[in-house]
file final10.tsv (TSV, C-alpha atoms)
chain	number	residue	atom	x	y	z
A	1231	MET	CA	-30.89	-91.94	-65.24
A	1232	ALA	CA	-28.58	-92.08	-62.24
A	1233	SER	CA	-29.96	-93.31	-58.95
A	1234	ILE	CA	-29.32	-91.71	-55.57
A	1235	VAL	CA	-28.62	-94.70	-53.38
A	1236	ALA	CA	-27.84	-92.86	-50.15
A	1237	VAL	CA	-27.97	-89.36	-48.70
A	1238	ILE	CA	-25.65	-88.91	-45.75
A	1239	ALA	CA	-25.18	-85.97	-43.39
A	1240	SER	CA	-22.53	-85.90	-40.72
A	1241	THR	CA	-20.41	-83.74	-38.54
A	1242	HIS	CA	-16.75	-83.75	-39.59
A	1243	HIS	CA	-14.26	-84.00	-36.80
A	1244	PRO	CA	-10.60	-83.62	-37.75
A	1245	PHE	CA	-9.52	-85.38	-34.52
A	1246	TYR	CA	-11.10	-88.70	-35.56
A	1247	TYR	CA	-8.21	-89.92	-37.69
A	1248	ARG	CA	-5.62	-89.49	-34.96
A	1249	ALA	CA	-7.93	-90.75	-32.20
A	1250	SER	CA	-8.85	-93.87	-34.15
A	1251	THR	CA	-5.30	-94.77	-35.20
A	1252	SER	CA	-3.48	-94.03	-31.95
A	1253	THR	CA	-2.51	-96.83	-29.59
A	1254	GLY	CA	-1.37	-97.35	-26.02
A	1255	GLU	CA	-1.05	-94.26	-23.86
A	1256	ASP	CA	-1.73	-91.98	-26.82
A	1257	ARG	CA	-5.19	-93.45	-27.40
A	1258	PRO	CA	-7.83	-91.17	-25.87
A	1259	PRO	CA	-10.46	-92.77	-23.61
A	1260	PHE	CA	-13.31	-91.94	-25.98
A	1261	ALA	CA	-11.65	-93.52	-29.04
A	1262	ASP	CA	-13.12	-97.03	-28.82
A	1263	GLU	CA	-16.73	-95.86	-28.59
A	1264	TRP	CA	-16.13	-93.36	-31.38
A	1265	VAL	CA	-14.67	-96.05	-33.64
A	1266	ARG	CA	-17.63	-98.34	-32.93
A	1267	LYS	CA	-20.09	-95.62	-33.91
A	1268	ILE	CA	-18.16	-94.69	-37.04
A	1269	THR	CA	-17.87	-98.33	-38.09
A	1270	ALA	CA	-21.65	-98.73	-37.83
A	1271	PHE	CA	-22.19	-95.46	-39.71
A	1272	ARG	CA	-19.77	-96.56	-42.46
A	1273	GLU	CA	-21.86	-99.68	-43.02
A	1274	THR	CA	-24.83	-97.47	-44.01
A	1275	LEU	CA	-22.84	-96.25	-47.01
A	1276	THR	CA	-21.20	-99.57	-47.82
A	1277	ARG	CA	-24.53	-101.39	-48.07
A	1278	ALA	CA	-25.80	-98.80	-50.59
A	1279	ASN	CA	-22.99	-99.88	-52.93
A	1280	PRO	CA	-22.31	-96.48	-54.52
A	1281	ASP	CA	-20.21	-95.83	-57.63
A	1282	VAL	CA	-19.80	-92.05	-57.21
A	1283	LEU	CA	-19.75	-89.71	-54.20
A	1284	VAL	CA	-20.97	-86.11	-54.30
A	1285	MET	CA	-19.18	-84.51	-51.35
A	1286	VAL	CA	-20.53	-81.28	-49.84
A	1287	GLY	CA	-18.16	-79.44	-47.54
A	1288	SER	CA	-16.60	-76.06	-46.84
A	1289	ASP	CA	-13.04	-74.98	-47.40
A	1290	HIS	CA	-11.47	-73.64	-44.19
A	1291	PHE	CA	-9.40	-70.84	-45.76
A	1292	HIS	CA	-7.12	-73.25	-47.55
A	1293	GLN	CA	-7.52	-72.57	-51.25
A	1294	LEU	CA	-10.48	-70.19	-51.18
A	1295	TRP	CA	-9.52	-66.81	-49.83
A	1296	LEU	CA	-11.00	-63.38	-49.19
A	1297	ASP	CA	-9.59	-61.84	-52.37
A	1298	ASN	CA	-11.85	-64.05	-54.47
A	1299	MET	CA	-14.46	-65.84	-52.39
A	1300	PRO	CA	-17.16	-67.97	-54.03
A	1301	GLN	CA	-20.40	-68.73	-52.18
A	1302	PHE	CA	-20.96	-72.12	-53.84
A	1303	LEU	CA	-18.27	-73.85	-55.87
A	1304	VAL	CA	-18.22	-77.16	-57.76
A	1305	GLY	CA	-14.94	-78.93	-58.44
A	1306	LYS	CA	-14.48	-80.23	-61.97
A	1307	ALA	CA	-11.18	-82.03	-62.25
A	1308	PRO	CA	-9.92	-85.55	-62.95
A	1309	PHE	CA	-8.15	-85.68	-59.59
A	1310	TYR	CA	-8.16	-83.88	-56.28
A	1311	ASP	CA	-5.17	-83.77	-54.02
A	1312	ALA	CA	-6.27	-83.50	-50.45
A	1313	ASN	CA	-5.33	-82.16	-47.04
A	1314	TRP	CA	-3.02	-79.29	-46.28
A	1315	TYR	CA	0.16	-78.69	-44.31
A	1316	ASN	CA	-1.69	-77.08	-41.40
A	1317	GLU	CA	-4.11	-80.04	-41.21
A	1318	GLU	CA	-1.17	-82.41	-41.16
A	1319	ARG	CA	0.41	-80.25	-38.46
A	1320	GLU	CA	-2.63	-79.84	-36.20
A	1321	PHE	CA	-4.61	-83.05	-36.80
A	1322	GLY	CA	-2.10	-85.51	-38.23
A	1323	LEU	CA	-4.23	-85.94	-41.37
A	1324	PRO	CA	-2.57	-87.85	-44.22
A	1325	ARG	CA	-2.06	-86.51	-47.72
A	1326	MET	CA	-4.59	-88.14	-50.05
A	1327	LEU	CA	-5.41	-88.27	-53.76
A	1328	LEU	CA	-9.01	-88.76	-54.89
A	1329	LYS	CA	-10.34	-89.36	-58.36
A	1330	GLY	CA	-12.87	-86.93	-59.83
A	1331	GLN	CA	-16.07	-87.68	-61.77
A	1332	GLU	CA	-15.90	-84.90	-64.34
A	1333	ASP	CA	-19.06	-85.85	-66.25
A	1334	LEU	CA	-21.17	-85.42	-63.14
A	1335	SER	CA	-19.32	-82.20	-62.25
A	1336	ALA	CA	-20.10	-80.80	-65.70
A	1337	HIS	CA	-23.74	-81.89	-65.43
A	1338	ILE	CA	-24.17	-80.29	-61.99
A	1339	LEU	CA	-22.57	-77.05	-63.17
A	1340	ARG	CA	-24.67	-76.78	-66.33
A	1341	ALA	CA	-27.95	-77.78	-64.71
A	1342	GLY	CA	-27.24	-75.73	-61.59
A	1343	LEU	CA	-26.56	-72.59	-63.61
A	1344	ASP	CA	-29.73	-73.19	-65.60
A	1345	ALA	CA	-31.70	-73.64	-62.37
A	1346	GLY	CA	-30.64	-70.21	-61.10
A	1347	PHE	CA	-27.58	-71.05	-58.98
A	1348	ASP	CA	-24.58	-69.09	-60.23
A	1349	LEU	CA	-22.10	-71.78	-59.25
A	1350	ALA	CA	-18.39	-71.08	-59.31
A	1351	PHE	CA	-16.10	-73.85	-60.49
A	1352	SER	CA	-12.54	-75.00	-60.04
A	1353	ASN	CA	-10.44	-77.15	-62.37
A	1354	GLU	CA	-7.63	-77.52	-59.83
A	1355	LEU	CA	-8.90	-77.91	-56.32
A	1356	ARG	CA	-7.01	-79.21	-53.33
A	1357	ILE	CA	-9.68	-80.34	-50.91
A	1358	ASP	CA	-9.53	-80.12	-47.15
A	1359	HIS	CA	-10.77	-81.99	-44.10
A	1360	SER	CA	-14.41	-81.03	-44.63
A	1361	VAL	CA	-14.34	-83.57	-47.48
A	1362	THR	CA	-11.57	-85.91	-46.35
A	1363	CYS	CA	-12.97	-86.48	-42.85
A	1364	PRO	CA	-16.10	-88.17	-44.27
A	1365	ILE	CA	-13.92	-90.09	-46.75
A	1366	ILE	CA	-11.87	-91.35	-43.79
A	1367	THR	CA	-14.94	-92.24	-41.74
A	1368	LEU	CA	-17.26	-93.54	-44.47
A	1369	ARG	CA	-15.01	-94.80	-47.28
A	1370	PRO	CA	-11.46	-95.12	-45.98
A	1371	GLU	CA	-10.41	-96.99	-49.14
A	1372	ALA	CA	-10.86	-93.61	-50.90
A	1373	ASP	CA	-11.47	-95.57	-54.08
A	1374	LEU	CA	-14.58	-93.89	-55.49
A	1375	PRO	CA	-14.60	-90.85	-57.78
A	1376	ILE	CA	-16.03	-87.71	-56.23
A	1377	VAL	CA	-17.62	-84.38	-57.09
A	1378	PRO	CA	-16.67	-81.86	-54.39
A	1379	ILE	CA	-19.10	-79.02	-53.73
A	1380	TYR	CA	-17.93	-76.24	-51.44
A	1381	THR	CA	-20.21	-73.83	-49.60
A	1382	ASN	CA	-19.28	-70.64	-47.80
A	1383	ILE	CA	-20.23	-71.03	-44.14
A	1384	PHE	CA	-17.11	-69.25	-43.03
A	1385	ALA	CA	-16.50	-65.79	-44.51
A	1386	PRO	CA	-19.41	-63.35	-44.20
A	1387	PRO	CA	-21.46	-62.19	-46.00
A	1388	LEU	CA	-22.93	-65.70	-46.24
A	1389	PRO	CA	-25.89	-66.94	-48.28
A	1390	GLN	CA	-29.16	-67.29	-46.33
A	1391	PRO	CA	-29.99	-70.66	-44.74
A	1392	SER	CA	-32.96	-71.01	-47.10
A	1393	ARG	CA	-30.51	-70.82	-50.01
A	1394	PHE	CA	-28.57	-73.81	-48.67
A	1395	VAL	CA	-31.82	-75.79	-48.48
A	1396	ALA	CA	-32.79	-74.73	-52.00
A	1397	LEU	CA	-29.39	-75.72	-53.37
A	1398	GLY	CA	-29.73	-79.11	-51.69
A	1399	SER	CA	-33.14	-79.65	-53.31
A	1400	ALA	CA	-31.70	-78.63	-56.67
A	1401	ILE	CA	-28.72	-81.00	-56.31
A	1402	ARG	CA	-31.11	-83.87	-55.57
A	1403	LYS	CA	-33.10	-83.19	-58.72
A	1404	ILE	CA	-30.03	-82.51	-60.87
A	1405	VAL	CA	-28.30	-85.75	-59.85
A	1406	GLU	CA	-31.49	-87.73	-60.44
A	1407	GLU	CA	-31.59	-86.30	-63.96
A	1408	TRP	CA	-27.96	-87.20	-64.75
A	1409	PRO	CA	-28.04	-89.47	-67.80
A	1410	SER	CA	-25.95	-92.26	-66.34
A	1411	HIS	CA	-26.47	-95.73	-64.97
A	1412	LEU	CA	-24.23	-95.00	-61.99
A	1413	ARG	CA	-25.22	-95.21	-58.34
A	1414	VAL	CA	-24.61	-91.91	-56.55
A	1415	ALA	CA	-24.34	-91.19	-52.83
A	1416	ILE	CA	-24.61	-87.56	-51.74
A	1417	ILE	CA	-22.64	-86.87	-48.56
A	1418	GLY	CA	-22.39	-83.57	-46.75
A	1419	THR	CA	-20.72	-82.54	-43.53
A	1420	GLY	CA	-21.12	-79.58	-41.24
A	1421	HIS	CA	-21.41	-78.84	-37.55
A	1422	LEU	CA	-23.92	-78.63	-34.76
A	1423	SER	CA	-23.17	-75.95	-32.15
A	1424	LEU	CA	-19.49	-75.14	-32.27
A	1425	GLU	CA	-17.18	-72.44	-31.02
A	1426	LEU	CA	-13.64	-71.97	-32.33
A	1427	GLY	CA	-11.35	-69.15	-31.32
A	1428	GLY	CA	-13.80	-67.78	-28.74
A	1429	PRO	CA	-14.47	-68.04	-24.98
A	1430	ARG	CA	-16.76	-71.08	-25.26
A	1431	GLN	CA	-14.33	-73.30	-27.17
A	1432	PHE	CA	-13.16	-76.73	-26.05
A	1433	GLY	CA	-15.62	-77.08	-23.18
A	1434	PRO	CA	-16.73	-80.43	-21.72
A	1435	HIS	CA	-19.45	-80.65	-24.39
A	1436	GLY	CA	-20.73	-78.57	-27.29
A	1437	PRO	CA	-21.36	-74.90	-26.47
A	1438	ASP	CA	-25.16	-75.25	-26.78
A	1439	PRO	CA	-26.56	-78.72	-25.98
A	1440	GLU	CA	-30.13	-77.44	-26.33
A	1441	PHE	CA	-29.46	-76.29	-29.89
A	1442	ASP	CA	-27.82	-79.66	-30.62
A	1443	ARG	CA	-30.87	-81.53	-29.31
A	1444	LYS	CA	-33.22	-79.52	-31.49
A	1445	ALA	CA	-30.93	-79.74	-34.51
A	1446	VAL	CA	-30.71	-83.54	-34.31
A	1447	GLU	CA	-34.51	-83.68	-34.09
A	1448	TRP	CA	-34.95	-81.39	-37.12
A	1449	ILE	CA	-32.54	-83.43	-39.22
A	1450	ALA	CA	-33.75	-86.86	-38.12
A	1451	SER	CA	-37.39	-85.99	-38.82
A	1452	GLY	CA	-36.76	-83.85	-41.91
A	1453	ASP	CA	-38.49	-80.95	-40.17
A	1454	LEU	CA	-37.41	-78.20	-42.53
A	1455	ASP	CA	-40.30	-75.94	-41.50
A	1456	SER	CA	-39.23	-75.69	-37.87
A	1457	CYS	CA	-35.57	-75.52	-38.81
A	1458	LEU	CA	-36.08	-72.66	-41.27
A	1459	ARG	CA	-38.38	-70.87	-38.84
A	1460	GLU	CA	-35.85	-70.93	-36.00
A	1461	VAL	CA	-32.56	-70.60	-37.87
A	1462	SER	CA	-31.28	-67.37	-39.39
A	1463	LEU	CA	-27.84	-65.98	-40.14
A	1464	GLU	CA	-28.23	-63.88	-36.98
A	1465	SER	CA	-29.54	-66.65	-34.72
A	1466	LEU	CA	-26.64	-68.98	-35.54
A	1467	HIS	CA	-24.21	-66.75	-33.63
A	1468	ALA	CA	-25.89	-67.67	-30.33
A	1469	PRO	CA	-25.09	-71.43	-30.19
A	1470	GLY	CA	-21.39	-70.81	-30.94
A	1471	ASN	CA	-19.33	-68.69	-33.30
A	1472	ALA	CA	-18.69	-71.50	-35.80
A	1473	THR	CA	-22.28	-72.77	-35.86
A	1474	HIS	CA	-22.94	-71.42	-39.35
A	1475	GLY	CA	-21.51	-74.78	-40.42
A	1476	PHE	CA	-24.97	-76.08	-39.53
A	1477	MET	CA	-26.13	-74.69	-42.87
A	1478	ASP	CA	-24.36	-77.59	-44.58
A	1479	PHE	CA	-26.70	-79.88	-42.61
A	1480	MET	CA	-29.58	-77.75	-43.87
A	1481	LEU	CA	-28.34	-78.24	-47.43
A	1482	MET	CA	-28.41	-81.99	-46.82
A	1483	MET	CA	-31.95	-81.73	-45.42
A	1484	GLY	CA	-32.78	-80.13	-48.76
A	1485	VAL	CA	-31.22	-83.11	-50.54
A	1486	ALA	CA	-33.16	-85.57	-48.38
A	1487	GLY	CA	-36.37	-83.61	-48.90
A	1488	PRO	CA	-39.00	-82.05	-46.63
A	1489	GLY	CA	-40.42	-84.51	-44.14
A	1490	ALA	CA	-37.90	-87.20	-45.03
A	1491	LYS	CA	-37.19	-89.19	-41.88
A	1492	ALA	CA	-33.63	-90.41	-41.67
A	1493	ASP	CA	-33.26	-94.18	-41.88
A	1494	TYR	CA	-30.23	-94.11	-39.59
A	1495	VAL	CA	-29.57	-91.66	-36.76
A	1496	ASP	CA	-26.76	-91.72	-34.23
A	1497	ASN	CA	-24.81	-89.22	-32.21
A	1498	LEU	CA	-21.92	-89.01	-29.78
A	1499	ASP	CA	-21.53	-86.38	-27.10
A	1500	LEU	CA	-17.85	-85.65	-27.41
A	1501	PHE	CA	-15.89	-83.02	-25.53
A	1502	HIS	CA	-16.43	-79.56	-27.11
A	1503	THR	CA	-18.86	-80.73	-29.81
A	1504	MET	CA	-21.64	-83.20	-30.46
A	1505	GLU	CA	-21.04	-85.62	-33.29
A	1506	ALA	CA	-24.12	-86.61	-35.31
A	1507	TYR	CA	-24.63	-89.12	-38.11
A	1508	PHE	CA	-27.63	-89.46	-40.46
A	1509	THR	CA	-28.39	-91.64	-43.47
A	1510	TRP	CA	-31.40	-91.61	-45.77
A	1511	TYR	CA	-32.18	-94.20	-48.47
A	1512	PRO	CA	-34.35	-92.46	-51.09
A	1513	ASN	CA	-35.13	-95.76	-52.82
A	1514	GLY	CA	-35.68	-97.76	-49.66
A	1515	VAL	CA	-33.27	-99.47	-47.31
A	1516	PRO	CA	-30.91	-101.72	-49.28
A	1517	ALA	CA	-31.28	-105.42	-48.61
B	1178	MET	CA	-9.79	-50.81	-39.67
B	1179	SER	CA	-8.21	-53.41	-41.92
B	1180	LYS	CA	-9.74	-56.70	-40.82
B	1181	TYR	CA	-8.94	-58.11	-44.21
B	1182	LEU	CA	-5.25	-57.34	-43.78
B	1183	LEU	CA	-5.16	-58.83	-40.29
B	1184	ASN	CA	-6.70	-61.98	-41.75
B	1185	LYS	CA	-4.20	-61.90	-44.60
B	1186	PHE	CA	-1.36	-61.83	-42.08
B	1187	LEU	CA	-2.78	-64.79	-40.14
B	1188	TYR	CA	-3.50	-66.72	-43.34
B	1189	THR	CA	-0.14	-66.24	-45.04
B	1190	VAL	CA	1.90	-66.91	-41.90
B	1191	ASP	CA	-0.11	-69.98	-40.90
B	1192	ARG	CA	0.48	-71.75	-44.20
B	1193	ASP	CA	4.28	-71.34	-44.19
B	1194	PRO	CA	6.18	-73.38	-41.56
B	1195	SER	CA	9.18	-71.05	-41.59
B	1196	LEU	CA	7.00	-67.99	-40.99
B	1197	VAL	CA	5.19	-69.74	-38.13
B	1198	GLU	CA	8.58	-70.31	-36.46
B	1199	ARG	CA	9.70	-66.72	-37.04
B	1200	TYR	CA	6.42	-65.37	-35.65
B	1201	ARG	CA	6.80	-67.49	-32.53
B	1202	ALA	CA	10.46	-66.59	-31.99
B	1203	ASP	CA	10.52	-62.89	-32.83
B	1204	PRO	CA	7.09	-61.42	-33.54
B	1205	ARG	CA	8.33	-57.86	-34.01
B	1206	GLU	CA	10.84	-58.91	-36.65
B	1207	LEU	CA	8.30	-61.05	-38.47
B	1208	VAL	CA	5.46	-58.49	-38.41
B	1209	THR	CA	7.78	-55.73	-39.63
B	1210	TRP	CA	9.14	-57.92	-42.41
B	1211	TRP	CA	5.65	-59.12	-43.37
B	1212	GLU	CA	4.23	-55.63	-43.64
B	1213	GLU	CA	7.12	-54.53	-45.84
B	1214	SER	CA	7.24	-57.55	-48.10
B	1215	LEU	CA	3.92	-59.40	-48.09
B	1216	SER	CA	1.07	-57.11	-47.00
B	1217	ASN	CA	0.59	-55.78	-50.52
B	1218	ALA	CA	1.14	-59.05	-52.36
B	1219	LEU	CA	-1.79	-60.20	-54.47
B	1220	LEU	CA	-1.62	-63.86	-53.59
B	1221	ASN	CA	-2.63	-65.23	-56.97
B	1222	CYS	CA	-0.58	-62.80	-59.10
B	1223	PRO	CA	3.05	-62.21	-60.05
B	1224	THR	CA	5.03	-59.95	-57.74
B	1225	PRO	CA	4.97	-56.83	-59.97
B	1226	GLU	CA	1.16	-56.78	-59.80
B	1227	ALA	CA	1.10	-55.99	-56.08
B	1228	SER	CA	-1.41	-53.71	-54.38
B	1229	THR	CA	-0.20	-50.29	-53.29
B	1230	TRP	CA	-2.47	-49.28	-50.38
B	1231	GLN	CA	-2.52	-52.01	-47.75
B	1232	ARG	CA	-1.41	-50.90	-44.29
B	1233	LEU	CA	-2.07	-52.15	-40.77
B	1234	THR	CA	-3.28	-49.67	-38.20
B	1235	ASP	CA	-0.99	-49.07	-35.21
B	1236	GLU	CA	-3.45	-50.94	-32.99
B	1237	GLU	CA	-3.51	-53.94	-35.32
B	1238	ARG	CA	0.27	-54.01	-35.65
B	1239	SER	CA	0.70	-53.91	-31.88
B	1240	ALA	CA	-1.80	-56.73	-31.36
B	1241	LEU	CA	0.11	-58.90	-33.81
B	1242	ILE	CA	3.50	-58.06	-32.31
B	1243	GLU	CA	2.25	-58.76	-28.80
B	1244	HIS	CA	0.66	-62.12	-29.77
B	1245	ASP	CA	-2.51	-60.65	-28.25
B	1246	HIS	CA	-5.20	-63.01	-29.50
B	1247	CYS	CA	-7.88	-61.35	-27.35
B	1248	LYS	CA	-7.17	-58.01	-29.03
B	1249	LEU	CA	-7.25	-59.66	-32.45
B	1250	PHE	CA	-10.71	-61.05	-31.60
B	1251	GLU	CA	-11.83	-57.60	-30.46
B	1252	LEU	CA	-10.60	-56.10	-33.74
B	1253	GLY	CA	-12.66	-58.59	-35.75
B	1254	ALA	CA	-9.91	-60.90	-37.03
B	1255	HIS	CA	-11.35	-64.25	-38.11
B	1256	PRO	CA	-11.27	-66.45	-34.99
B	1257	PHE	CA	-10.53	-69.62	-36.93
B	1258	LEU	CA	-7.39	-68.11	-38.45
B	1259	THR	CA	-6.19	-66.76	-35.12
B	1260	LEU	CA	-6.82	-70.03	-33.31
B	1261	THR	CA	-5.13	-72.16	-35.95
B	1262	LEU	CA	-1.98	-70.07	-36.05
B	1263	PHE	CA	-1.72	-69.71	-32.28
B	1264	ILE	CA	-2.16	-73.46	-31.81
B	1265	ALA	CA	0.65	-73.94	-34.33
B	1266	MET	CA	2.93	-71.72	-32.27
B	1267	PHE	CA	2.05	-72.73	-28.73
B	1268	GLU	CA	0.37	-76.15	-28.54
B	1269	ARG	CA	3.84	-77.73	-28.54
B	1270	ASP	CA	4.32	-76.43	-24.98
B	1271	ASN	CA	1.29	-78.39	-23.68
B	1272	THR	CA	1.83	-80.63	-20.67
B	1273	GLU	CA	-1.60	-82.22	-21.13
B	1274	PRO	CA	-3.98	-82.55	-24.12
B	1275	LEU	CA	-5.79	-79.34	-25.14
B	1276	GLU	CA	-4.08	-77.34	-22.38
B	1277	TYR	CA	-3.30	-74.42	-24.69
B	1278	GLN	CA	-6.70	-74.51	-26.38
B	1279	LYS	CA	-8.52	-74.35	-23.04
B	1280	ALA	CA	-6.30	-71.55	-21.72
B	1281	PHE	CA	-6.87	-69.63	-24.98
B	1282	GLY	CA	-10.63	-69.80	-24.35
B	1283	ALA	CA	-10.30	-68.93	-20.67
B	1284	ARG	CA	-8.36	-65.77	-21.52
B	1285	MET	CA	-11.39	-64.66	-23.56
B	1286	ALA	CA	-13.95	-65.11	-20.77
B	1287	HIS	CA	-14.66	-61.37	-20.70
B	1288	PHE	CA	-16.26	-61.48	-24.16
B	1289	SER	CA	-20.02	-61.93	-24.37
B	1290	LEU	CA	-22.50	-61.97	-27.26
B	1291	PRO	CA	-22.65	-60.34	-29.65
B	1292	TYR	CA	-19.01	-60.97	-30.51
B	1293	PRO	CA	-17.13	-58.44	-32.65
B	1294	ASP	CA	-18.19	-58.47	-36.28
B	1295	ILE	CA	-15.86	-60.51	-38.49
B	1296	ALA	CA	-17.35	-59.48	-41.84
B	1297	THR	CA	-14.67	-58.10	-44.16

call {"tool": "encode", "arguments": {"input": "final10.tsv", "output": "structure tokens"}}
result
Amino acid sequence: MASIVAVIASTHHPFYYRASTSTGEDRPPFADEWVRKITAFRETLTRANPDVLVMVGSDHFHQLWLDNMPQFLVGKAPFYDANWYNEEREFGLPRMLLKGQEDLSAHILRAGLDAGFDLAFSNELRIDHSVTCPIITLRPEADLPIVPIYTNIFAPPLPQPSRFVALGSAIRKIVEEWPSHLRVAIIGTGHLSLELGGPRQFGPHGPDPEFDRKAVEWIASGDLDSCLREVSLESLHAPGNATHGFMDFMLMMGVAGPGAKADYVDNLDLFHTMEAYFTWYPNGVPA
Amino acid sequence: MSKYLLNKFLYTVDRDPSLVERYRADPRELVTWWEESLSNALLNCPTPEASTWQRLTDEERSALIEHDHCKLFELGAHPFLTLTLFIAMFERDNTEPLEYQKAFGARMAHFSLPYPDIAT
């Protein structure tokens, strides 16, 4: 059976690529510290020596649209082109091409459907920065095949937070049961408190530092009970109007498992959002 | 109320560089053209299979023509779509980083929770 060699949860910040590659007067003052933190975070994946990456993210109205909106979608394709014109325009993100791992996609779809998750699928998916940001930060060589899994944190009505956790638990079990010798890392990105397109956007820090503090604690300690008790679709409006992206972190807490303490925790208080980085090693910390 | 159609406007204009430029330069021309030629397009289907019933309300049309992002927020347009398109049109005029983004937020200071419902 396949082994899950790392579970990684992270914020995804589309400004990282430009900040980390800019020089001279264009380089923002926070870039060096950010690069240091990302470089250390990247090492937590590198040392796990994965063969395949399951990438959990959320399309930002690029390919998935309101005339036909899936709640949870698994890509099943030999390749995925990546990044879109408006991400190139706004964030300077490069066009990318990633390989797919179709056997694992097929396995996740079949087993997921049989476990009660009516997963949508796509055989031609152009992925966006919710998947490419963690590729850029964690595996900039972009050399490993992926299985993209998209969640709807964006276009209400949304699935309940408990459903994200349950899907994460199911993905953990399904990947562990994949008849393969390959080493799989499961990586998911979301947000802590975040406001976009509203009055609290682009402040000196995230819109709700108290929520961010609690969220980091829940994730780092695997405290699903407290997290599920305090978080609802309604409550997530309060910390910022884009905070439903936190449910992707909850999905990853489901992958890591209840009570699973993260082996690596770091964060960075950036303007307008807090960045946070977590790694779990289900089979123990690699030597 | 046609929140979906407002979102469809923002979505289809944002992803086409030439439409972004037309919307910046002459919003009345672009909105009028869009409503006539694209509002009923089914995006994943051939042109003859268009819808027949999509129409902006007068209030929605005015908000789009006036580049009034506060009104779009009030009407329940998706804030991510509005922000992305407006950054595309106006960030280029910045004299310092994030100047437009911060001013966009400041213009919305009169909104408090709960924000307008964005469910479509």

call {"tool": "residues_around", "arguments": {"input": "final10.tsv", "residues": "A:Ile1404", "least_positions_apart": "3", "cutoff": "9 Å", "atoms": "all atoms listed in the file", "output": "PDB file with C-alpha atoms, keeping the file's coordinate frame"}}
result
ATOM      1  CA  HIS A1337     -23.740 -81.890 -65.430  1.00  0.00           C
ATOM      2  CA  ILE A1338     -24.170 -80.290 -61.990  1.00  0.00           C
ATOM      3  CA  ALA A1341     -27.950 -77.780 -64.710  1.00  0.00           C
ATOM      4  CA  GLY A1342     -27.240 -75.730 -61.590  1.00  0.00           C
ATOM      5  CA  SER A1399     -33.140 -79.650 -53.310  1.00  0.00           C
ATOM      6  CA  ALA A1400     -31.700 -78.630 -56.670  1.00  0.00           C
ATOM      7  CA  ILE A1401     -28.720 -81.000 -56.310  1.00  0.00           C
ATOM      8  CA  GLU A1407     -31.590 -86.300 -63.960  1.00  0.00           C
ATOM      9  CA  TRP A1408     -27.960 -87.200 -64.750  1.00  0.00           C
TER      10      TRP A1408
END

call {"tool": "interface_residues", "arguments": {"input": "final10.tsv", "of": "chain B", "to": "chain A", "cutoff": "8 Å", "atoms": "all atoms listed in the file", "output": "PyMOL selection string"}}
result
chain B and resi 1181+1188+1191-1192+1250+1256-1257+1259-1260+1264-1265+1275+1278-1279+1281-1288+1290-1291+1295-1297

call {"tool": "atom_distance", "arguments": {"input": "final10.tsv", "atom1": "atom CA of B:Pro1194", "atom2": "atom CA of B:Phe1263"}}
result
12.7 Å

call {"tool": "atom_distance", "arguments": {"input": "final10.tsv", "atom1": "atom CA of A:Pro1259", "atom2": "atom CA of A:Ile1417"}}
result
28.4 Å

call {"tool": "residues_around", "arguments": {"input": "final10.tsv", "residues": "A:Ala1506", "least_positions_apart": "2", "cutoff": "12 Å", "atoms": "all atoms listed in the file", "output": "ChimeraX atom specification"}}
result
/A:1238-1243,1264,1267-1268,1271,1418-1423,1436,1442-1443,1445-1447,1449-1450,1476,1479,1494-1500,1503-1504,1508-1509

call {"tool": "write_last_selection", "arguments": {"input": "final10.tsv", "atoms": "C-alpha atoms", "output": "tab-separated table (two decimals), in the coordinates of the input"}}
result
chain	number	residue	atom	x	y	z
A	1238	ILE	CA	-25.65	-88.91	-45.75
A	1239	ALA	CA	-25.18	-85.97	-43.39
A	1240	SER	CA	-22.53	-85.90	-40.72
A	1241	THR	CA	-20.41	-83.74	-38.54
A	1242	HIS	CA	-16.75	-83.75	-39.59
A	1243	HIS	CA	-14.26	-84.00	-36.80
A	1264	TRP	CA	-16.13	-93.36	-31.38
A	1267	LYS	CA	-20.09	-95.62	-33.91
A	1268	ILE	CA	-18.16	-94.69	-37.04
A	1271	PHE	CA	-22.19	-95.46	-39.71
A	1418	GLY	CA	-22.39	-83.57	-46.75
A	1419	THR	CA	-20.72	-82.54	-43.53
A	1420	GLY	CA	-21.12	-79.58	-41.24
A	1421	HIS	CA	-21.41	-78.84	-37.55
A	1422	LEU	CA	-23.92	-78.63	-34.76
A	1423	SER	CA	-23.17	-75.95	-32.15
A	1436	GLY	CA	-20.73	-78.57	-27.29
A	1442	ASP	CA	-27.82	-79.66	-30.62
A	1443	ARG	CA	-30.87	-81.53	-29.31
A	1445	ALA	CA	-30.93	-79.74	-34.51
A	1446	VAL	CA	-30.71	-83.54	-34.31
A	1447	GLU	CA	-34.51	-83.68	-34.09
A	1449	ILE	CA	-32.54	-83.43	-39.22
A	1450	ALA	CA	-33.75	-86.86	-38.12
A	1476	PHE	CA	-24.97	-76.08	-39.53
A	1479	PHE	CA	-26.70	-79.88	-42.61
A	1494	TYR	CA	-30.23	-94.11	-39.59
A	1495	VAL	CA	-29.57	-91.66	-36.76
A	1496	ASP	CA	-26.76	-91.72	-34.23
A	1497	ASN	CA	-24.81	-89.22	-32.21
A	1498	LEU	CA	-21.92	-89.01	-29.78
A	1499	ASP	CA	-21.53	-86.38	-27.10
A	1500	LEU	CA	-17.85	-85.65	-27.41
A	1503	THR	CA	-18.86	-80.73	-29.81
A	1504	MET	CA	-21.64	-83.20	-30.46
A	1508	PHE	CA	-27.63	-89.46	-40.46
A	1509	THR	CA	-28.39	-91.64	-43.47
